[in-house]
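Peer 1: Pasting a structure here, questions to come.
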Amino acid sequence: MKTLELRGGTKMPALGLGTWKSEPDEVYEAVRSAIEVGYRHIDCAAIYQNEEDVGRALSDAFQAGDAKREEVWVTSKLWNDSHAPEQVRPALETSLRKLRLEYLDLYLIHWPVALRHGVLLPTGPEDFLPLSEVPLEATWEAMLKVSGQGLAQAAGVSNFSQRMIERVSEATGQTPAVNQIELHPYLQQGVLVQACKDAGVVVTAYSPLGSPDSAAMMGREDDVPLLQNPTIVQIAGAHGATPGQVLIAWALARGTSVIPKSVNPGRIAKNWDARDLTLTLADMTAIAALDRHQRMVDGSFWFLGETYSPETLWDE
Ligand SMILES: NC(=O)c1ccc[n+]([C@@H]2O[C@H](COP(=O)([O-])OP(=O)(O)OC[C@H]3O[C@@H](n4cnc5c(N)ncnc54)[C@H](OP(=O)(O)O)[C@@H]3O)[C@@H](O)[C@H]2O)c1
């Protein structure tokens, strides 16, 4: 299985299973069937509110002998309400307890956005804390500390711009191992991907299939859903593959890790088989032309009031 080497030498399996929006009653079977077909990387987060069910699945899979703990890469993420340095360790310990694990392979700062402690999703401007009050540098330092204490093998960030990565790296002398960001043919972010690579930061692509199941939640209308884009469908047909497989193979060919979400055993298996699909140079060129800087997860839920804006969040 293809792996990507993180700073410090640990190897992260390039293809993993996403679990956002996977209902608690579905995610157990999803994780079990993913491990059965060969996945060794599960992407979780406290805010997905399904870590207990993921944990049950992991524990049962280990007990059944489907895989050993040390063979499965488990990522989780610090929620925005726990950015204060003293809240980082308790938040990580809660995720570990729910996931029934002694350590995470990777712990990420989920967003460069801080919420008041106890707020899951903001309903008004009063729910936000400015980064001047809870600086990313301080949160990052606390992430390094818990990682040094053995609770997470590696620490990283998510939804960070190049400038934010530089800021936390300069403040602490330690660069995040991973930046998990939205990446797919409609949002290719070539400059940020290259900047991460140049800084030795491994990139994980989220929403690689265009996140069709988040459209309603995000108030989005997808005119041509990525999975139905004629170029993607045509390339899939030419290879006898599915559009989903083309999108996953594209992410792997770019040298990124990729974490498609599915709770459907058939699609989980098909997505896994995308490892065997090699796209041609002509395929890559045709897909490069699809870029339209379209975010599926545009962060608009952080823009209630004036604490955060698209300019400060995305640095663009
Ligand atoms: N760090 C962050 O801020 C962040 C943000 C977003 C996502 N993520 C992570 O990235 C993961 C993936 O992103 P995502 O969940 O937004 O979206 P995604 O993986 O791009 O798309 C998931 C959707 O595609 C469907 N699907 C899966 N495989 C398919 C296939 N082969 N053919 C057709 N449809 C298929 C799924 O339905 P079924 O389940 O019914 O198969 C689901 O509706 C998340 O689950 C999460 O772990 C992280």
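Residue numbers start at 1 in each chain; chains themselves are named A, B, ... in the order of the structure tokens; ligands are numbered from 1 in the order shown.
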Hey, what does DSSP flag as alpha helix (DSSP H) within stretch 114-293 of chain A? Can you give it to me as an NGL selection string?

Peer 2: :A and (136-148 or 162-172 or 190-198 or 230-239 or 243-253 or 265-273 or 281-288)

Peer 1: Could you tell me, counting only C-alpha atoms and all ligand atoms, which protein and nucleic acid residues lie no more than 8 Å from ligand 1, written as a PyMOL selection string?

Peer 2: chain A and resi 17-22+42-45+77+110-111+158-159+180-182+205-214+227+242-245+258-265+267-268+270-271+296-297

Peer 1: From the options A:Val119, A:Leu108, A:Ala46, A:Ala171, which residue's atoms come nearest to A:Ala138, counting only C-alpha atoms?

Peer 2: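 Comparing A:Val119, A:Leu108, A:Ala46, A:Ala171 against A:Ala138, the winner is A:Ala171.
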
Peer 1: Which is closest to A:Leu226 among A:Ser76, A:Ser95, A:Gln294, A:Thr312, if we use only C-alpha atoms?

Peer 2: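 With only C-alpha atoms as the atom set, the closest residue is A:Gln294.
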
Peer 1: I'd like the interatomic distance between atom CA of A:Gly38 and atom CA of A:Glu26, to a tenth of an Å.

Peer 2: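 According to the coordinates, atom CA of A:Gly38 and atom CA of A:Glu26 are separated by 18.6 Å.
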
Peer 1: Check the smallest atom-to-atom distance from each of A:Trp79, A:Asp66, A:Val72, A:Ile248 to A:Tyr48 using only C-alpha atoms, then report the winner.

Peer 2: A:Trp79
